[in-house]
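Report on the structure given below.
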Amino acid sequence: MLRHTRPQQVKANQEFGTVSYVGPAKSFSPYVSVIRYGDGGFSETRFENGASPVIPPPTEHSVTWVRVVGVHDIAVIKAVGETIDMPSMLMEDVADTTQRPKYEEFGDAMFMVLKILDMGTSRDSLTAEQVSIAMDGSSVFTFQENAANVWDTYLDRLRKGRHLGKSDPHYLMLALLDVIVDRYMLTLGKLGDKAEEMEEELFEIQTEETLSMFYDLKRETAYLRKYIWPLREVLQSLSHKKHSKKVSDYAKSYLREIVDHVKTVVETVDTLNQIATSMIDVYSSVAAMRMNMVMKVLTVVGTIFIPLTFITSLYGMNFENMPELKWRWGYFLVLGFMLALSLGMLAWFRKKKWL
Amino acid sequence: MLRHTRPQQVKANQEFGTVSYVGPAKSFSPYVSVIRYGDGGFSETRFENGASPVIPPPTEHSVTWVRVVGVHDIAVIKAVGETIDMPSMLMEDVADTTQRPKYEEFGDAMFMVLKILDMGTSRDSLTAEQVSIAMDGSSVFTFQENAANVWDTYLDRLRKGRHLGKSDPHYLMLALLDVIVDRYMLTLGKLGDKAEEMEEELFEIQTEETLSMFYDLKRETAYLRKYIWPLREVLQSLSHKKHSKKVSDYAKSYLREIVDHVKTVVETVDTLNQIATSMIDVYSSVAAMRMNMVMKVLTVVGTIFIPLTFITSLYGMNFENMPELKWRWGYFLVLGFMLALSLGMLAWFRKKKWL
Amino acid sequence: MLRHTRPQQVKANQEFGTVSYVGPAKSFSPYVSVIRYGDGGFSETRFENGASPVIPPPTEHSVTWVRVVGVHDIAVIKAVGETIDMPSMLMEDVADTTQRPKYEEFGDAMFMVLKILDMGTSRDSLTAEQVSIAMDGSSVFTFQENAANVWDTYLDRLRKGRHLGKSDPHYLMLALLDVIVDRYMLTLGKLGDKAEEMEEELFEIQTEETLSMFYDLKRETAYLRKYIWPLREVLQSLSHKKHSKKVSDYAKSYLREIVDHVKTVVETVDTLNQIATSMIDVYSSVAAMRMNMVMKVLTVVGTIFIPLTFITSLYGMNFENMPELKWRWGYFLVLGFMLALSLGMLAWFRKKKWL
Amino acid sequence: MLRHTRPQQVKANQEFGTVSYVGPAKSFSPYVSVIRYGDGGFSETRFENGASPVIPPPTEHSVTWVRVVGVHDIAVIKAVGETIDMPSMLMEDVADTTQRPKYEEFGDAMFMVLKILDMGTSRDSLTAEQVSIAMDGSSVFTFQENAANVWDTYLDRLRKGRHLGKSDPHYLMLALLDVIVDRYMLTLGKLGDKAEEMEEELFEIQTEETLSMFYDLKRETAYLRKYIWPLREVLQSLSHKKHSKKVSDYAKSYLREIVDHVKTVVETVDTLNQIATSMIDVYSSVAAMRMNMVMKVLTVVGTIFIPLTFITSLYGMNFENMPELKWRWGYFLVLGFMLALSLGMLAWFRKKKWL
Amino acid sequence: MLRHTRPQQVKANQEFGTVSYVGPAKSFSPYVSVIRYGDGGFSETRFENGASPVIPPPTEHSVTWVRVVGVHDIAVIKAVGETIDMPSMLMEDVADTTQRPKYEEFGDAMFMVLKILDMGTSRDSLTAEQVSIAMDGSSVFTFQENAANVWDTYLDRLRKGRHLGKSDPHYLMLALLDVIVDRYMLTLGKLGDKAEEMEEELFEIQTEETLSMFYDLKRETAYLRKYIWPLREVLQSLSHKKHSKKVSDYAKSYLREIVDHVKTVVETVDTLNQIATSMIDVYSSVAAMRMNMVMKVLTVVGTIFIPLTFITSLYGMNFENMPELKWRWGYFLVLGFMLALSLGMLAWFRKKKWL
């Protein structure tokens, strides 16, 4: 379930500028991976158990990627953040896993907070994980809580010595963003499949579970708008702003491609939200129509038999003086009358198009 | 059914810039048609079975149209794309038949991805096919998966030597776009006819099939917005941007005409979407009103006969001491009372306006 | 009924720039009226049966109004259009009676396509007729299919020699537009009256005809938005654009007045559309409430008499050993019990506020 | 009832620029009050029975307020309007009590048409009266149909010699506008109270009168938007336009205050409209829920007694060979079985949570 | 309950510029606290019982916070307001506790009216309190009705000598705003929790109390939009306007943080409003589906037993000549027929998927 309606509550009344972790309590030890590649090949150093990360000075033809895994240890965020003079307010955002996606700049550096969406194999658990990315002219810094495998494929490619020629930090940042947006696409693809499966339930037997699924789709797409909209802003501001001078042409066309994908994602969320609303409406209409059918059956049966039963009940009375009871063909006359009556009513129902 | 909610899934985690075909698996062999017309008359050369297409150098008074049919063979796209230095990312878009409509520029060339709508003869199958169009100052390149007959009429006209005088690549491109927009109009015309037919079902016997048709119209117009909106943007950017300098005056007024048609298409989709919503609402209201009528019949019949049956049942009891049973006119008194009671209730119903 | 959802279908796959009539087949012979007034008084010449219209050269102190009645004869449109170098595409718009309202300029001339609304006396037939108006600096050209009396009152006024002093083509054009907008107002006034009449049906006996009327109002206002919106754009572009230099001050304040009227028309359409939606919603609510009332009656009658009938039926059984049947006051005891039971249930219903 | 959906109908096909009164027929004699105050103290002259009003020339330190009461006498409007060269089209607006609120300028003067809202004591009659205000640099002209007491309090204050120092026509105009906006606030306050009272009806016994009240609130707020929106535009254009140079600083901050109040009014109308929609929706839901409860009672009673009555009816049959009838304890066995059956069904209903 | 739909009513027809208290009648004595901190340490002086507050002249390295508690004593507001030449209209806003949030400037000072939201412990009482803040270059003035503890935590921090170094009035103002926005977040967090609790009621037993809760959420979020929207405008105008020159860099990044929080608040309110609408819709659908289930039970029971009861009733008639009654196996034949009939109907219902 994707429920992050409420903004953070822990930090209220706290002094401004204090860096503190907001999120579920964690106990594993965070680590910092310092990756460098370029003309000098690929190297990777891991600093664990609170060891202070050593970030080598930037060189012209190499890119440094500082990857912080585990944002619940504030000391690690501070140690890394201070190497690029990151303001304490942004460190606060890194540590606060309920922060909304945002884009900011400090000094020459760009900083952004993003959400990674995932949909479990069980298909009913949409989860959101937060990552923060900072980039000054020479290095990229990423902060995430879990050692999730989101960037593993890309990291493997770097390890195998590919992309070494493209030693451009903008390109690295875009590659990392591309992976995130592809995740959105994958997740929305699964959600779209789920919506198509749900469509097939529209005219099946109605259950509250199905209705609940429609409601969940509606709610989830409402929340997704909240997550995706700022991502779009972030990327567009990246395209048009003063930073665009620093971005290489190759990276620029890459960026345009990603912006394009984000537009697709936004449109898909909107369409799914609209579809969910329509499904709830149509489900109600189906319920009303089926009710009609049920009621018609009861009405036809009732309307035919209730008068007949009255007649039979009439001649079940025990009055001493009931002349019809003694007629020789009384019983058969009554039977005939009842037959005629029911045929007449059937004809009337047929005329009314209830049968 | 028009279901493309989900963005492409195949390409996730794939290296950026790789050209690969995304769409249903295909086996026919793609071909490239090189068409040239102008002062030197009309010529058409076809390169099949992987033969490398030879594109003649542009001349002042002729237009070249390179037509690629079959985008599942990546080699062909690359061979053609490289002759105009098309970036690999755009080749990727050409090969990806789930790409959203878009407009981009590279070097001096314009590039766009569009969808061709079609509604089968069976009237319930709305299909969308993708075409990509690129134009540098002298040639037009089109890429499509099927050798669909969308441009055949126009091609025949060229073959017959008409339009030879208008050897202007902008004009050729606009003529190709015009055919696409006319297809939208035709398809929406059919959809509008379908909507009018559906309107006639509104007050007929209610079936879940009809409701399902309303829902389909709603969903299809929701998807159509997604397809048409970017087309509008593409054409408007074409009108107002720097390219307008290169576009000849005659082509410009042609372009305005097409933009005008696209506006009509967008308005028509919006109106149809609104109409579909209203039809679902009204169908529910009709269901409620009919239910009311059915219930009134049951209530009138029940309310009249249930008390009467009680009375007859009362005198069907076998108590030894029931004085009324022995009265000479008891039976007829009861009959009279029941007649009065039912007349009274009929009058009450009439006052309540249920009859 | 106002049904023009679908854009024109006839012209698809037709060569661009071909002037052809789109609309119901017509057989009467079109004619051209050339009206001139100003310092030299008023003159009117009529060219019929294909006679080529002779349009006198403009003079300083007179205005020429060329009035084409019947746009199904393409030759006539061409003959007139060519005198002001009207592009063939605009002639195409004139002949296509399904063209959406639009505003364009060519050379020094202004051109617009408009719709005239009318609501028949029967009050359920909203019809739309197309007129096109072109104006260069000295003459006004109007094209319409029917010799409808829309401008007859104004023409009579001209014939009587009034307005001769105001020999200004802008003023003439505005006077013609004013008549059209006044028609919109009249028609919407009738539609508003109809809506008020319909409101009185809201709490009357529900019929599907009434619901159908609400739906028609909703649909008609949806279509009207489509017609009126571009008219608004047209007039506003007329106010603010480069043409405003040529428009005389007197004509300008006239134009502002018309723009003001169009705003009123747009607001009225929006309000009517919103009112129609509310009426459908309220009608459904009324149906639900009435159903409730009907069901309560059935439930009260059923709930009281079904148990009573059970009791009487119980003592109607023919078991040999049923001691109560032999009690002297058995019958009266049962009668008393049933009376007490029904009074109790009535009290319960009253407490539940069902009675 | 506030029903002004339809724009004026009377004036259609009338010659442009003709001043004529549009509104209910009136017979009282209009009058003109010329009020002057400032350094020379306060003076008030009344011109009745068609006497031509004499408007004294402006002086530096005094303000003139020309107050026309009764706009159905065109002669009076003309006599006053011509003293400030008011265009005949604006006089037309003054006389047309169905004119929408608007703001215009002529020469150095400002002109506006406004609506005064009022809600009678009976709380169900929302009425709208039109006033027009014109101001050149030295005098304020007001036109209204009724000698309504809207400005009486302010006029009394002037009579008592207060505000004499502020001999600024802008300030006078703003004071008059302030009174109008305060009226809107008062009226919306009453409407808000009515809405709160109506909220208390939401979960009471449902009547069509209550539903009708919700619908009226919805419709009235729809119409109110139409009235208030232009007022907002008028005031904002007053703040930002070229006139702002002429407006004194004190008057400017007064104007901002009024703009602020108008914003509050607009927001209040929007909120009330949204609340009305929600009330109609919730009322329908309540109807559905109550229906459910009613149906459950009928279903429980029916489902328990219908089978029991079948059993008793079974043993009421008169077959000669029915062995059970002769059993000694047959009657008691049947009674026991029926007791067990009904207890079982009650348990089932309890499990289903219907009881 | 949050009900402030109606704008103030008391002030209508009152003279402009009169400062008067609008709100519930109060009797406690207001006081003014003059707080100064900076290089010279912290000092706090309290002026009670109408004592005229003495505000020390500003010095370079200290900040003065004048805190007025109790806005129902107009004299106090005037005494304080006049020390910074606050216009009487703004004093009016301070005293009027129904004023909408607004931002204005006078001289060099900034002035704003804000609402503080709170949700009581009982979770169903959302309350709004008004505060006004004014700041010239050296001092901050706050006005509030209740000595609420909203700023107590921050004041304690100042008392303890913290923040002394940051003797910047902009920073102080932002710190006060931050506390207010954090309150919004806290309150919305509680409202979000309430919404999640309410979601769990969606598929439980339906009660009018639950529906009423959904309606309240809808209404409250409608009102909240009204409160929060202007706050957003206020803060954004603060970021972008000419004042930004005076705001220190540290304060600026603080401001951006607060703007960011306000965006989160607005998005949260919108999402909650949308969720509330969906919950009302789904609740109606659930009601319809449950009705269906109830009706099916009644219909199945009725449809099976009504014909059976007719048959038994038939043989309960007392006609003398009813041959079947004398058949030896008549009774058993009828029993068998009835068994077959009911099994048949059960099979039919199963086929219809009603069982």
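To be explicit about the labels: the chains of the structure tokens are called A, B, and onward in the order shown, and within each one the residues are counted from 1, while ligands get numbers from 1 in the order they are shown.
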
*Working over all C-alpha atoms in order, superimpose chain B onto chain A by least squares and state the RMSD in Å.*
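It comes to 0.1 Å after superposition.
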
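Neighbouring residues of segment 340-351 of chain E at 12 Å or closer, counting only C-alpha atoms and skipping chain neighbours under 5 positions away, are Val294, Val297 and Val301 of chain A; Lys296, Val297, Thr299, Val300, Val301, Gly302, Thr303, Ile304, Phe305, Ile306, Pro307, Leu308, Thr309, Ile311, Leu333, Val334 and Leu335 of chain E.
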
*May I ask you to extract the residues of chain D within 6 Å of chain E, using only C-alpha atoms, and to give them as a list of chain:residue names?*
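Listing them in order of chain and number gives D:Asp182, D:Met185, D:Leu186, D:Gly189, D:Gly192, D:Thr268, D:Ser285, D:Met289, D:Asn292, D:Thr299, D:Phe310, D:Ser313, D:Leu314, D:Gly316, D:Met317, D:Asn318, D:Phe319, D:Glu320.
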
Keeping only C-alpha atoms, write the selected residues as a PDB file, in the first residue's frame.
```
ATOM      1  CA  ASP D 182     -20.404  44.576   1.889  1.00  0.00           C
ATOM      2  CA  MET D 185     -20.706  39.616   2.043  1.00  0.00           C
ATOM      3  CA  LEU D 186     -23.881  40.012   4.062  1.00  0.00           C
ATOM      4  CA  GLY D 189     -23.213  35.197   5.110  1.00  0.00           C
ATOM      5  CA  GLY D 192     -23.719  30.299   4.415  1.00  0.00           C
ATOM      6  CA  THR D 268     -16.915  31.721  -0.411  1.00  0.00           C
ATOM      7  CA  SER D 285     -25.835   7.837  -0.351  1.00  0.00           C
ATOM      8  CA  MET D 289     -28.191   3.176   2.965  1.00  0.00           C
ATOM      9  CA  ASN D 292     -30.716  -1.139   2.543  1.00  0.00           C
ATOM     10  CA  THR D 299     -36.026  -9.728   3.814  1.00  0.00           C
ATOM     11  CA  PHE D 310     -45.544 -22.998   3.442  1.00  0.00           C
ATOM     12  CA  SER D 313     -50.215 -24.466   4.437  1.00  0.00           C
ATOM     13  CA  LEU D 314     -48.925 -27.946   3.635  1.00  0.00           C
ATOM     14  CA  GLY D 316     -53.845 -27.401   5.691  1.00  0.00           C
ATOM     15  CA  MET D 317     -54.328 -29.520   2.554  1.00  0.00           C
ATOM     16  CA  ASN D 318     -57.392 -31.686   2.465  1.00  0.00           C
ATOM     17  CA  PHE D 319     -55.947 -34.930   1.064  1.00  0.00           C
ATOM     18  CA  GLU D 320     -57.631 -37.929   2.533  1.00  0.00           C
TER      19      GLU D 320
END
```

Close residues, Tyr227 of chain A itself excluded, 12 Å, only C-alpha atoms, min 2 positions apart in chain, as a CSV table (one decimal) with N, CA and C atoms, in the first residue's frame:
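So the final result, stored in out.csv, reads:
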```
chain,number,residue,atom,x,y,z
A,2,LEU,N,0.5,2.2,-0.7
A,2,LEU,CA,1.2,3.4,-0.9
A,2,LEU,C,0.6,4.5,-0.1
A,3,ARG,N,0.9,4.7,1.2
A,3,ARG,CA,0.2,5.7,2.0
A,3,ARG,C,1.2,6.7,2.6
A,4,HIS,N,1.4,7.7,2.0
A,4,HIS,CA,2.3,8.8,2.6
A,4,HIS,C,1.6,10.1,2.5
A,5,THR,N,0.3,10.1,2.8
A,5,THR,CA,-0.5,11.3,2.8
A,5,THR,C,0.1,12.3,3.8
A,98,THR,N,10.9,10.7,4.3
A,98,THR,CA,9.5,11.1,3.9
A,98,THR,C,9.5,12.4,3.2
A,99,GLN,N,10.7,12.9,2.8
A,99,GLN,CA,10.9,14.2,2.1
A,99,GLN,C,10.2,14.0,0.7
A,100,ARG,N,9.5,15.1,0.2
A,100,ARG,CA,9.0,15.0,-1.1
A,100,ARG,C,10.1,15.2,-2.2
A,101,PRO,N,9.9,14.7,-3.4
A,101,PRO,CA,10.9,14.9,-4.4
A,101,PRO,C,11.2,16.4,-4.6
A,102,LYS,N,12.4,16.8,-4.7
A,102,LYS,CA,12.7,18.2,-4.9
A,102,LYS,C,14.0,18.4,-5.7
A,113,VAL,N,16.1,15.1,-4.7
A,113,VAL,CA,15.6,14.0,-3.9
A,113,VAL,C,14.6,13.3,-4.8
A,114,LEU,N,14.7,12.0,-5.0
A,114,LEU,CA,13.7,11.2,-5.8
A,114,LEU,C,13.2,10.0,-5.1
A,115,LYS,N,12.1,9.5,-5.7
A,115,LYS,CA,11.5,8.2,-5.2
A,115,LYS,C,11.7,7.1,-6.2
A,116,ILE,N,12.0,6.0,-5.8
A,116,ILE,CA,12.0,4.8,-6.7
A,116,ILE,C,10.8,4.0,-6.4
A,117,LEU,N,10.0,3.7,-7.4
A,117,LEU,CA,8.8,2.9,-7.2
A,117,LEU,C,9.1,1.5,-7.5
A,127,THR,N,5.6,-0.1,-3.5
A,127,THR,CA,6.5,0.5,-2.5
A,127,THR,C,7.3,1.6,-3.1
A,128,ALA,N,7.7,2.6,-2.2
A,128,ALA,CA,8.5,3.7,-2.7
A,128,ALA,C,9.7,3.9,-1.8
A,129,GLU,N,10.9,3.9,-2.5
A,129,GLU,CA,12.1,4.1,-1.7
A,129,GLU,C,12.7,5.5,-2.2
A,130,GLN,N,13.4,6.1,-1.2
A,130,GLN,CA,13.9,7.4,-1.5
A,130,GLN,C,15.4,7.4,-1.8
A,181,VAL,N,13.8,6.3,-13.9
A,181,VAL,CA,12.6,6.5,-14.7
A,181,VAL,C,12.1,5.2,-15.4
A,184,TYR,N,10.0,3.5,-13.0
A,184,TYR,CA,8.6,4.0,-13.0
A,184,TYR,C,7.8,3.3,-14.2
A,220,GLU,N,-4.0,4.8,-5.5
A,220,GLU,CA,-2.6,4.8,-5.8
A,220,GLU,C,-2.2,5.7,-6.9
A,221,THR,N,-3.1,5.9,-7.9
A,221,THR,CA,-2.7,6.9,-9.0
A,221,THR,C,-2.8,8.3,-8.4
A,222,ALA,N,-3.7,8.5,-7.5
A,222,ALA,CA,-3.7,9.8,-6.8
A,222,ALA,C,-2.4,10.1,-6.1
A,223,TYR,N,-1.8,9.1,-5.4
A,223,TYR,CA,-0.6,9.3,-4.7
A,223,TYR,C,0.6,9.4,-5.7
A,224,LEU,N,0.5,8.7,-6.8
A,224,LEU,CA,1.6,8.7,-7.8
A,224,LEU,C,1.8,10.0,-8.5
A,225,ARG,N,0.6,10.7,-8.8
A,225,ARG,CA,0.7,12.1,-9.3
A,225,ARG,C,1.6,12.9,-8.4
A,229,TRP,N,5.0,14.3,-10.4
A,229,TRP,CA,4.9,15.7,-10.8
A,229,TRP,C,6.3,16.4,-10.5
A,230,PRO,N,6.8,16.4,-9.3
A,230,PRO,CA,8.0,17.1,-9.0
A,230,PRO,C,9.2,16.6,-9.8
A,231,LEU,N,9.2,15.3,-10.1
A,231,LEU,CA,10.3,14.7,-10.9
A,231,LEU,C,10.3,15.4,-12.3
A,232,ARG,N,9.1,15.6,-12.8
A,232,ARG,CA,9.0,16.2,-14.1
A,232,ARG,C,9.6,17.7,-14.0
A,233,GLU,N,9.2,18.4,-13.0
A,233,GLU,CA,9.7,19.7,-12.8
A,233,GLU,C,11.3,19.7,-12.7
A,234,VAL,N,11.8,18.8,-11.9
A,234,VAL,CA,13.2,18.7,-11.7
A,234,VAL,C,13.9,18.5,-13.0
A,262,VAL,N,9.5,10.7,-18.9
A,262,VAL,CA,8.7,11.1,-17.8
A,262,VAL,C,7.4,11.6,-18.2
A,265,VAL,N,5.2,8.8,-18.6
A,265,VAL,CA,4.8,8.3,-17.3
A,265,VAL,C,3.7,9.1,-16.7
A,266,VAL,N,3.7,10.4,-16.8
A,266,VAL,CA,2.7,11.3,-16.3
A,266,VAL,C,1.4,11.0,-17.0
A,269,VAL,N,-0.1,7.8,-15.8
A,269,VAL,CA,-0.8,7.9,-14.5
A,269,VAL,C,-2.1,8.5,-14.6
E,264,THR,N,4.1,20.8,0.1
E,264,THR,CA,3.8,19.5,0.6
E,264,THR,C,2.4,19.6,1.2
E,267,GLU,N,-0.4,19.9,-1.5
E,267,GLU,CA,-0.6,18.6,-2.2
E,267,GLU,C,-1.3,17.6,-1.3
E,268,THR,N,-1.0,17.6,0.0
E,268,THR,CA,-1.6,16.7,0.9
E,268,THR,C,-3.1,17.0,1.0
E,271,THR,N,-4.8,15.8,-2.2
E,271,THR,CA,-4.9,14.4,-2.2
E,271,THR,C,-6.0,13.9,-1.2
```

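In this structure, atom CA of Ser88 of chain D sits 21.8 Å away from atom CA of Val34 of chain D.
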
*Could you find all residues in segment 7-215 of chain C that DSSP calls strand (DSSP E or B) from the backbone, and write them as a PyMOL selection string?*
chain C and resi 22+31-38+43-47+62-69+96+102-106+109-119+126-135+139-144
